[in-house]
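J.: Have a look at this one before I ask anything.
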Amino acid sequence: MKFMLFFYNLILPLGFIFFLPGLLWKLWRRPGWKKTFGERFGCFSAERKQELQAYKNCIWIHAVSVGESVIALALSRKLRERYPQLPIVISTGTTTGQELVRKQLPEGASAIFCPMDFCWMVARTLRLLQPQMLVIFETEIWPNLINSAVKRNVKTALVNARLSDHSARGYMRFRFFFRPLLEKFNVIAAQSEGDKERFLQVAPNANVINCGNLKFDQRVPDDLQAADLHEYFGEGQFKVILGASTHPGEETLIAESFKNLCSDDPALRLVLIPRHAERGAEVMETLDKLNIPAARRSNGERSGDNVLCLLADTTGEMLKFMQASDIVIMGKSLAGHDEGHNLIEPALLKKAIVTGHKLRNFRFLMQVLTADSAVKTVAADEELTSVLRKLLSSEELRNELGLKAFAAISVHAGATVKTLDALDAVR
């Protein structure tokens, strides 16, 4: 392991040089909290150092994306309920995740940017926080962060952990590196029995427990208000299709399908939320080429008076737009993509869900929904229009599908308690 860490740290600077232009581009283009971004390099101002003194001996929870940050916040609230005096620090890797966390921090918690995986950057952050436990979400396995925490006798946990077949093959190929790394965790709380088995194939001596998927324990805020679409579409009653967390190629596919369906139903409207907000200009250009009058939420740009499509290239508003929609098409599942995104949020809102038929990163969730006929799947892109047409023709069918989705995921709640118990056992 020492040799592999040496080799990893030898090539890390080269990888960083390759990675840096993309990092700076995202920092410039993406919205979110950027004021303390220097923390990504282990740089904390004197004011921040003083502020974080109150959080020594904390539980440090690390999540990267907005979706993971939502779950991390929920877990931190439950931790505070169990241990009211326990300080918590939540770190993120993105500006959008950081902004979300800062807006919703529970009492007794603070937020930082996670340092890059250079030894000295990690060491600075660990010296500052002196955490009693490091809790990492899903697949954020950074060798220096984990190794440095273990050396400092910090308990480590990988929670809501998932390992797809594709990733497992890669881990097995480099098992000599990943096995000792995974076995350093005091506990790995896997999302499903399949994930547990794949982790144990790579690291047989790892302490892996099937705790379930924390996302099944998500709850819709009691005060959730649907997004007001009248400012874009005018007055009247509309049927709204939402393309959520879309990736390149999917916006074109969904927009073309929408255009075909508009001739059948003049009340039909489309909302597109690209996974990465910085792609807004690119998506707007796609809509313009298809002659679909659109409005862009981030800057107020409009390509026509009679707006038929809203490009919601913002962050932190997904639930509001889902609440305002009739059908939710989840991205990263069409137009050549098959990894998928989390389907639990639209299921919680009892929405009719459409997705590709193969979600490599959410296989168990797909099994849960398809077993109860609670989701419409598209095996080939050309089927999308016919699937949408059938759903649009019947409000009863849409409602039935949404209720089935809600019922299917409700059965699998309870992962939070199991995860907290697993953390308790190794603290």
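Letters for chains follow the order of the structure tokens (A, B, ...), residue numbers begin at 1 for each chain, and ligand numbers begin at 1 in the order shown.
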Using the chain letters and numbers from this document, which residues of segment 304-359 of chain A does DSSP assign to strand (DSSP E or B), as a PyMOL selection string?

T.: chain A and resi 309-311+327-330+352-356

J.: Would you return as a VMD selection string the members of segment 241-348 of chain A that DSSP assigns to alpha helix (DSSP H) on this structure's backbone?

T.: chain A and resid 250 to 262 280 to 289 318 to 323 344 to 348

J.: Using only C-alpha atoms, can you tell me which of A:Ala168, A:Val154, A:Leu388, A:Val307 comes closest to Leu200 of chain A?

T.: A:Ala168

J.: Pick out the closest residue to Leu86 of chain A from this set: A:Arg198, A:Arg162, A:Arg152, A:Lys56. Count only C-alpha atoms.

T.: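 Looking only at the distances to Leu86 of chain A, the closest residue turns out to be A:Lys56.
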
J.: Between A:Ala74, A:Val187, A:Leu52, A:Trp33, which one has atoms that come closest to Lys103 of chain A, using only C-alpha atoms?

T.: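 Closest candidate: A:Trp33.
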
J.: Which one is closest to Asn57 of chain A: A:Leu128, A:Leu365, A:Val202, A:Leu12? Count only C-alpha atoms.

T.: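 Nearest candidate to Asn57 of chain A out of A:Leu128, A:Leu365, A:Val202, A:Leu12: A:Leu128.
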
J.: Residues at most 8 Å from Gly97 of chain A, counting only C-alpha atoms, excluding those fewer than 3 positions away in the same chain, as an mmCIF file with all heavy atoms, in the first residue's frame?

T.:
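Saved to result.cif:
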data_model
loop_
_atom_site.group_PDB
_atom_site.id
_atom_site.type_symbol
_atom_site.label_atom_id
_atom_site.label_comp_id
_atom_site.auth_asym_id
_atom_site.auth_seq_id
_atom_site.Cartn_x
_atom_site.Cartn_y
_atom_site.Cartn_z
ATOM 1 N N GLY A 32 -23.230 29.412 -7.622
ATOM 2 C CA GLY A 32 -22.998 28.842 -6.306
ATOM 3 C C GLY A 32 -22.079 29.683 -5.449
ATOM 4 O O GLY A 32 -21.684 30.799 -5.803
ATOM 5 N N VAL A 64 -20.327 15.420 -2.447
ATOM 6 C CA VAL A 64 -19.861 16.227 -3.583
ATOM 7 C C VAL A 64 -20.995 16.973 -4.266
ATOM 8 O O VAL A 64 -21.065 18.190 -4.251
ATOM 9 C CB VAL A 64 -19.121 15.349 -4.615
ATOM 10 C CG1 VAL A 64 -18.742 16.170 -5.841
ATOM 11 C CG2 VAL A 64 -17.858 14.784 -3.994
ATOM 12 N N SER A 65 -21.911 16.234 -4.854
ATOM 13 C CA SER A 65 -22.941 16.840 -5.697
ATOM 14 C C SER A 65 -24.062 17.440 -4.866
ATOM 15 O O SER A 65 -24.153 17.237 -3.648
ATOM 16 C CB SER A 65 -23.519 15.793 -6.649
ATOM 17 O OG SER A 65 -24.262 14.824 -5.904
ATOM 18 N N VAL A 66 -24.958 18.155 -5.548
ATOM 19 C CA VAL A 66 -26.129 18.722 -4.889
ATOM 20 C C VAL A 66 -26.991 17.614 -4.293
ATOM 21 O O VAL A 66 -27.468 17.716 -3.159
ATOM 22 C CB VAL A 66 -26.943 19.581 -5.882
ATOM 23 C CG1 VAL A 66 -28.304 19.964 -5.289
ATOM 24 C CG2 VAL A 66 -26.169 20.848 -6.248
ATOM 25 N N SER A 69 -25.464 16.259 -1.252
ATOM 26 C CA SER A 69 -25.506 17.272 -0.196
ATOM 27 C C SER A 69 -26.857 17.289 0.503
ATOM 28 O O SER A 69 -26.936 17.482 1.721
ATOM 29 C CB SER A 69 -25.204 18.657 -0.783
ATOM 30 O OG SER A 69 -23.905 18.703 -1.335
ATOM 31 N N THR A 92 -18.183 19.972 0.706
ATOM 32 C CA THR A 92 -18.618 19.685 -0.662
ATOM 33 C C THR A 92 -17.455 19.944 -1.605
ATOM 34 O O THR A 92 -16.482 20.606 -1.246
ATOM 35 C CB THR A 92 -19.810 20.567 -1.088
ATOM 36 O OG1 THR A 92 -19.347 21.923 -1.267
ATOM 37 C CG2 THR A 92 -20.914 20.551 -0.046
ATOM 38 N N GLY A 93 -17.595 19.442 -2.820
ATOM 39 C CA GLY A 93 -16.561 19.674 -3.821
ATOM 40 C C GLY A 93 -16.983 20.671 -4.886
ATOM 41 O O GLY A 93 -16.168 21.095 -5.688
ATOM 42 N N THR A 94 -18.265 21.038 -4.900
ATOM 43 C CA THR A 94 -18.768 21.950 -5.930
ATOM 44 C C THR A 94 -19.343 23.218 -5.303
ATOM 45 O O THR A 94 -19.782 23.209 -4.147
ATOM 46 C CB THR A 94 -19.880 21.282 -6.764
ATOM 47 O OG1 THR A 94 -21.012 21.003 -5.914
ATOM 48 C CG2 THR A 94 -19.385 19.976 -7.374
ATOM 49 N N LEU A 100 -25.966 25.233 -1.480
ATOM 50 C CA LEU A 100 -27.124 24.528 -0.937
ATOM 51 C C LEU A 100 -26.919 24.201 0.543
ATOM 52 O O LEU A 100 -27.805 24.433 1.370
ATOM 53 C CB LEU A 100 -27.361 23.239 -1.726
ATOM 54 C CG LEU A 100 -28.449 22.315 -1.164
ATOM 55 C CD1 LEU A 100 -29.826 22.898 -1.438
ATOM 56 C CD2 LEU A 100 -28.349 20.919 -1.742
ATOM 57 N N VAL A 101 -25.758 23.655 0.870
ATOM 58 C CA VAL A 101 -25.476 23.276 2.254
ATOM 59 C C VAL A 101 -25.514 24.495 3.165
ATOM 60 O O VAL A 101 -26.098 24.455 4.258
ATOM 61 C CB VAL A 101 -24.114 22.557 2.349
ATOM 62 C CG1 VAL A 101 -23.654 22.445 3.797
ATOM 63 C CG2 VAL A 101 -24.199 21.174 1.720
#

J.: For segment 289-405 of chain A versus segment 280-285 of chain A, which residues have an atom no more than 12 Å away, and what is each residue's nearest atom pair and distance in Å rounded to one decimal, using only C-alpha atoms, chain-then-number order, as a tab-separated table?

T.:
residue	atom	partner	partner_atom	distance
A:Lys289	CA	A:Glu285	CA	6.2
A:Leu290	CA	A:Glu285	CA	8.7
A:Asn291	CA	A:Glu285	CA	9.8
A:Ile292	CA	A:Met284	CA	9.5
A:Pro293	CA	A:Met284	CA	9.7
A:Ala294	CA	A:Met284	CA	7.5
A:Ala295	CA	A:Met284	CA	8.4
A:Arg296	CA	A:Met284	CA	7.4
A:Arg297	CA	A:Gly280	CA	9.3
A:Ser298	CA	A:Gly280	CA	8.3
A:Asn299	CA	A:Gly280	CA	9.9
A:Gly300	CA	A:Gly280	CA	11.8
A:Glu301	CA	A:Met284	CA	9.3
A:Arg302	CA	A:Met284	CA	9.3
A:Ser303	CA	A:Met284	CA	8.6
A:Gly304	CA	A:Met284	CA	12.0
A:Cys309	CA	A:Met284	CA	9.9
A:Leu310	CA	A:Met284	CA	9.6
A:Leu311	CA	A:Met284	CA	7.3
A:Ala312	CA	A:Gly280	CA	8.2
A:Asp313	CA	A:Gly280	CA	5.5
A:Thr314	CA	A:Gly280	CA	8.8
A:Thr315	CA	A:Gly280	CA	11.7

J.: Save the residues we just selected, C-alpha atoms, as a short mmCIF file (atom, residue, chain, number, x, y, z; two decimals), in the first residue's frame?

T.:
data_model
loop_
_atom_site.label_atom_id
_atom_site.label_comp_id
_atom_site.auth_asym_id
_atom_site.auth_seq_id
_atom_site.Cartn_x
_atom_site.Cartn_y
_atom_site.Cartn_z
CA LYS A 289 -32.41 25.44 -34.07
CA LEU A 290 -35.63 23.48 -33.49
CA ASN A 291 -37.67 26.71 -33.67
CA ILE A 292 -39.08 26.20 -30.18
CA PRO A 293 -39.75 29.59 -28.53
CA ALA A 294 -37.96 29.47 -25.19
CA ALA A 295 -37.11 31.50 -22.12
CA ARG A 296 -33.89 31.14 -20.15
CA ARG A 297 -34.37 31.44 -16.40
CA SER A 298 -30.80 32.37 -15.47
CA ASN A 299 -30.65 35.62 -17.47
CA GLY A 300 -34.20 36.32 -18.72
CA GLU A 301 -33.30 35.71 -22.39
CA ARG A 302 -36.27 34.90 -24.66
CA SER A 303 -36.29 33.60 -28.22
CA GLY A 304 -39.93 34.45 -28.93
CA CYS A 309 -40.23 25.92 -23.30
CA LEU A 310 -38.53 27.14 -20.13
CA LEU A 311 -34.81 26.45 -19.80
CA ALA A 312 -34.30 26.39 -16.02
CA ASP A 313 -30.50 26.60 -16.01
CA THR A 314 -30.35 27.29 -12.29
CA THR A 315 -29.60 25.14 -9.24
#

J.: So that I can see what lies close to Lys35 of chain A, please list as a PyMOL selection string the residues with an atom at most 12 Å from it, counting only C-alpha atoms and leaving out residues fewer than 4 positions away in the same chain.

T.: chain A and resi 27+31+39-40+43-45+48+95+98-99+102+112-113

J.: Would you output that residue set with all heavy atoms, as a tab-separated table (two decimals), in the first residue's frame?

T.:
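out_7.tsv was written with the following content:
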chain	number	residue	atom	x	y	z
A	27	LEU	N	-15.51	26.76	-12.17
A	27	LEU	CA	-15.59	27.81	-11.15
A	27	LEU	C	-16.12	29.11	-11.74
A	27	LEU	O	-16.91	29.82	-11.12
A	27	LEU	CB	-14.21	28.03	-10.53
A	27	LEU	CG	-14.12	29.13	-9.45
A	27	LEU	CD1	-14.99	28.76	-8.25
A	27	LEU	CD2	-12.66	29.32	-9.02
A	31	PRO	N	-22.77	28.53	-11.13
A	31	PRO	CA	-23.18	29.41	-10.04
A	31	PRO	C	-22.81	28.77	-8.70
A	31	PRO	O	-22.17	27.73	-8.65
A	31	PRO	CB	-24.71	29.47	-10.21
A	31	PRO	CG	-25.06	28.15	-10.84
A	31	PRO	CD	-23.90	27.81	-11.74
A	39	GLU	N	-10.45	27.02	0.12
A	39	GLU	CA	-10.41	25.86	1.00
A	39	GLU	C	-10.17	24.57	0.22
A	39	GLU	O	-9.70	23.58	0.77
A	39	GLU	CB	-11.70	25.77	1.80
A	39	GLU	CG	-11.87	26.91	2.79
A	39	GLU	CD	-13.26	26.99	3.39
A	39	GLU	OE1	-14.12	26.15	3.04
A	39	GLU	OE2	-13.51	27.92	4.20
A	40	ARG	N	-10.50	24.58	-1.07
A	40	ARG	CA	-10.22	23.42	-1.92
A	40	ARG	C	-8.72	23.14	-1.99
A	40	ARG	O	-8.29	22.03	-2.27
A	40	ARG	CB	-10.75	23.65	-3.35
A	40	ARG	CG	-12.24	23.53	-3.49
A	40	ARG	CD	-12.70	22.09	-3.45
A	40	ARG	NE	-12.71	21.44	-4.75
A	40	ARG	CZ	-12.52	20.15	-4.95
A	40	ARG	NH1	-12.26	19.34	-3.94
A	40	ARG	NH2	-12.56	19.63	-6.15
A	43	CYS	N	-6.53	26.26	1.98
A	43	CYS	CA	-6.26	27.64	2.43
A	43	CYS	C	-7.47	28.20	3.17
A	43	CYS	O	-8.54	28.37	2.57
A	43	CYS	CB	-5.93	28.53	1.23
A	43	CYS	SG	-4.44	28.02	0.34
A	44	PHE	N	-7.29	28.49	4.45
A	44	PHE	CA	-8.35	29.05	5.28
A	44	PHE	C	-7.91	30.41	5.79
A	44	PHE	O	-6.78	30.55	6.29
A	44	PHE	CB	-8.65	28.12	6.46
A	44	PHE	CG	-9.23	26.79	6.08
A	44	PHE	CD1	-8.41	25.76	5.65
A	44	PHE	CD2	-10.60	26.57	6.15
A	44	PHE	CE1	-8.94	24.52	5.30
A	44	PHE	CE2	-11.14	25.33	5.80
A	44	PHE	CZ	-10.31	24.31	5.37
A	45	SER	N	-8.78	31.38	5.68
A	45	SER	CA	-8.46	32.71	6.21
A	45	SER	C	-8.39	32.66	7.73
A	45	SER	O	-8.89	31.71	8.36
A	45	SER	CB	-9.53	33.71	5.77
A	45	SER	OG	-10.78	33.40	6.39
A	48	ARG	N	-11.80	32.38	9.14
A	48	ARG	CA	-12.40	31.05	9.03
A	48	ARG	C	-11.77	30.10	10.05
A	48	ARG	O	-12.46	29.26	10.65
A	48	ARG	CB	-12.20	30.50	7.61
A	48	ARG	CG	-13.12	31.12	6.59
A	48	ARG	CD	-14.54	30.62	6.75
A	48	ARG	NE	-14.71	29.27	6.23
A	48	ARG	CZ	-15.65	28.43	6.61
A	48	ARG	NH1	-16.50	28.78	7.55
A	48	ARG	NH2	-15.76	27.22	6.08
A	95	THR	N	-19.34	24.28	-6.08
A	95	THR	CA	-19.88	25.56	-5.60
A	95	THR	C	-21.39	25.48	-5.40
A	95	THR	O	-21.94	26.09	-4.48
A	95	THR	CB	-19.55	26.69	-6.59
A	95	THR	OG1	-20.03	26.33	-7.89
A	95	THR	CG2	-18.05	26.92	-6.66
A	98	GLN	N	-22.01	23.59	-2.22
A	98	GLN	CA	-21.66	24.44	-1.08
A	98	GLN	C	-22.76	25.46	-0.76
A	98	GLN	O	-23.11	25.67	0.39
A	98	GLN	CB	-20.34	25.17	-1.36
A	98	GLN	CG	-19.79	25.99	-0.22
A	98	GLN	CD	-19.15	25.17	0.90
A	98	GLN	OE1	-18.79	25.71	1.94
A	98	GLN	NE2	-19.01	23.87	0.69
A	99	GLU	N	-23.30	26.07	-1.81
A	99	GLU	CA	-24.36	27.05	-1.60
A	99	GLU	C	-25.59	26.40	-0.97
A	99	GLU	O	-26.19	26.95	-0.03
A	99	GLU	CB	-24.74	27.70	-2.93
A	99	GLU	CG	-25.81	28.78	-2.78
A	99	GLU	CD	-26.06	29.52	-4.08
A	99	GLU	OE1	-26.25	28.86	-5.12
A	99	GLU	OE2	-26.05	30.76	-4.06
A	102	ARG	N	-24.90	25.59	2.74
A	102	ARG	CA	-24.85	26.79	3.57
A	102	ARG	C	-26.25	27.34	3.84
A	102	ARG	O	-26.50	27.92	4.90
A	102	ARG	CB	-23.97	27.86	2.92
A	102	ARG	CG	-22.49	27.56	3.06
A	102	ARG	CD	-21.62	28.57	2.34
A	102	ARG	NE	-20.21	28.38	2.69
A	102	ARG	CZ	-19.59	28.95	3.71
A	102	ARG	NH1	-20.27	29.78	4.50
A	102	ARG	NH2	-18.32	28.73	3.96
A	112	ILE	N	-17.59	23.60	4.73
A	112	ILE	CA	-16.31	23.94	4.11
A	112	ILE	C	-16.25	23.29	2.73
A	112	ILE	O	-17.07	22.43	2.40
A	112	ILE	CB	-15.10	23.45	4.94
A	112	ILE	CG1	-15.10	21.91	5.01
A	112	ILE	CG2	-15.08	24.07	6.32
A	112	ILE	CD1	-13.80	21.32	5.55
A	113	PHE	N	-15.29	23.72	1.93
A	113	PHE	CA	-14.95	22.99	0.70
A	113	PHE	C	-13.95	21.89	1.06
A	113	PHE	O	-13.04	22.11	1.86
A	113	PHE	CB	-14.31	23.93	-0.33
A	113	PHE	CG	-15.29	24.74	-1.12
A	113	PHE	CD1	-15.52	26.06	-0.80
A	113	PHE	CD2	-15.99	24.17	-2.18
A	113	PHE	CE1	-16.43	26.82	-1.53
A	113	PHE	CE2	-16.90	24.91	-2.91
A	113	PHE	CZ	-17.13	26.24	-2.59

J.: Env of Trp60 of chain A: 10 Å cut, atoms = only C-alpha atoms, seq-sep filter 5 positions within chain, self excluded. Answer as a ChimeraX atom specification.

T.: /A:55,76,87-91,109-112,126,129-136,156

J.: Hey, can you check how far atom CA of Trp25 of chain A sits from atom CA of Val122 of chain A?

T.: 23.2 Å

J.: Please identify every residue of segment 355-407 of chain A that has at least one atom no farther than 12 Å from an atom of segment 244-252 of chain A, counting only C-alpha atoms, and for each give the shortest atom pair and the distance in Å to one decimal, arranged by chain then increasing number, as a tab-separated table.

T.:
residue	atom	partner	partner_atom	distance
A:Thr355	CA	A:Ala244	CA	10.3
A:Gly356	CA	A:Glu250	CA	10.9
A:Asp381	CA	A:Glu250	CA	9.4
A:Leu384	CA	A:Glu250	CA	11.1

J.: With N, CA and C atoms retained, could you export that selection as a compact mmCIF listing (two decimals), in the first residue's frame?

T.:
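As a result, part.txt now contains:
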# COMPACT_ATOMS: atom_id res chain seq x y z
N THR A 355 -38.10 7.13 -18.02
CA THR A 355 -36.65 7.03 -18.02
C THR A 355 -36.21 5.96 -19.01
N GLY A 356 -34.91 5.94 -19.31
CA GLY A 356 -34.37 4.85 -20.11
C GLY A 356 -34.51 3.54 -19.36
N ASP A 381 -34.72 5.26 -28.12
CA ASP A 381 -35.07 6.69 -28.13
C ASP A 381 -36.32 6.99 -28.94
N LEU A 384 -39.83 7.29 -27.26
CA LEU A 384 -40.16 8.34 -26.29
C LEU A 384 -41.47 9.04 -26.61

J.: Give me the residues within 9 Å of segment 410-422 of chain A as a PyMOL selection string, counting only C-alpha atoms and dropping any in the same chain fewer than 3 places off.

T.: chain A and resi 74-75+78-79+159-160+187-189+191+209-218+348+368+405-407+425-427

J.: Output C-alpha atoms for every residue in that selection, as a short mmCIF file (atom, residue, chain, number, x, y, z; two decimals), in the first residue's frame.

T.:
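As written to disk, again.cif reads:
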data_model
loop_
_atom_site.label_atom_id
_atom_site.label_comp_id
_atom_site.auth_asym_id
_atom_site.auth_seq_id
_atom_site.Cartn_x
_atom_site.Cartn_y
_atom_site.Cartn_z
CA ALA A 74 -30.67 15.05 6.31
CA LEU A 75 -28.15 12.72 7.97
CA LYS A 78 -30.54 13.08 12.54
CA LEU A 79 -27.06 13.03 14.06
CA VAL A 159 -22.06 5.62 3.76
CA ASN A 160 -24.77 5.19 1.15
CA VAL A 187 -17.48 0.53 8.22
CA ILE A 188 -18.94 0.65 4.71
CA ALA A 189 -22.71 1.13 4.75
CA GLN A 191 -27.02 0.86 -0.48
CA ILE A 209 -23.14 -3.72 5.99
CA ASN A 210 -26.27 -3.44 3.86
CA CYS A 211 -27.99 -0.40 5.39
CA GLY A 212 -30.19 0.50 2.42
CA ASN A 213 -30.32 3.67 0.36
CA LEU A 214 -30.56 6.88 2.40
CA LYS A 215 -32.37 8.51 -0.52
CA PHE A 216 -35.40 6.35 0.23
CA ASP A 217 -35.71 8.31 3.49
CA GLN A 218 -35.99 11.67 1.75
CA LEU A 348 -41.93 11.20 -3.55
CA VAL A 368 -38.04 -1.60 -7.05
CA ALA A 405 -44.00 5.07 -7.54
CA PHE A 406 -44.63 6.67 -4.14
CA ALA A 407 -45.87 3.38 -2.66
CA ALA A 425 -20.96 0.89 16.47
CA VAL A 426 -17.56 2.16 15.29
CA ARG A 427 -17.35 5.56 17.00
#

J.: When you draw a straight line from atom CA of Ala63 of chain A to atom CA of Phe137 of chain A, how long is it in Å?

T.: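 Result for atom CA of Ala63 of chain A versus atom CA of Phe137 of chain A: 5.4 Å, one decimal.
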
J.: I'd like the neighbourhood of Arg77 of chain A as JSON, numbers by chain, where a residue qualifies if any of its atoms comes within 8 Å (using only C-alpha atoms), though same-chain residues fewer than 4 positions away should be ignored.

T.: {"A": [73, 81, 106]}

J.: To one decimal place, how far is atom CA of Asp117 of chain A from atom CA of Trp142 of chain A in Å?

T.: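 About the pair atom CA of Asp117 of chain A and atom CA of Trp142 of chain A: they are 6.3 Å apart.
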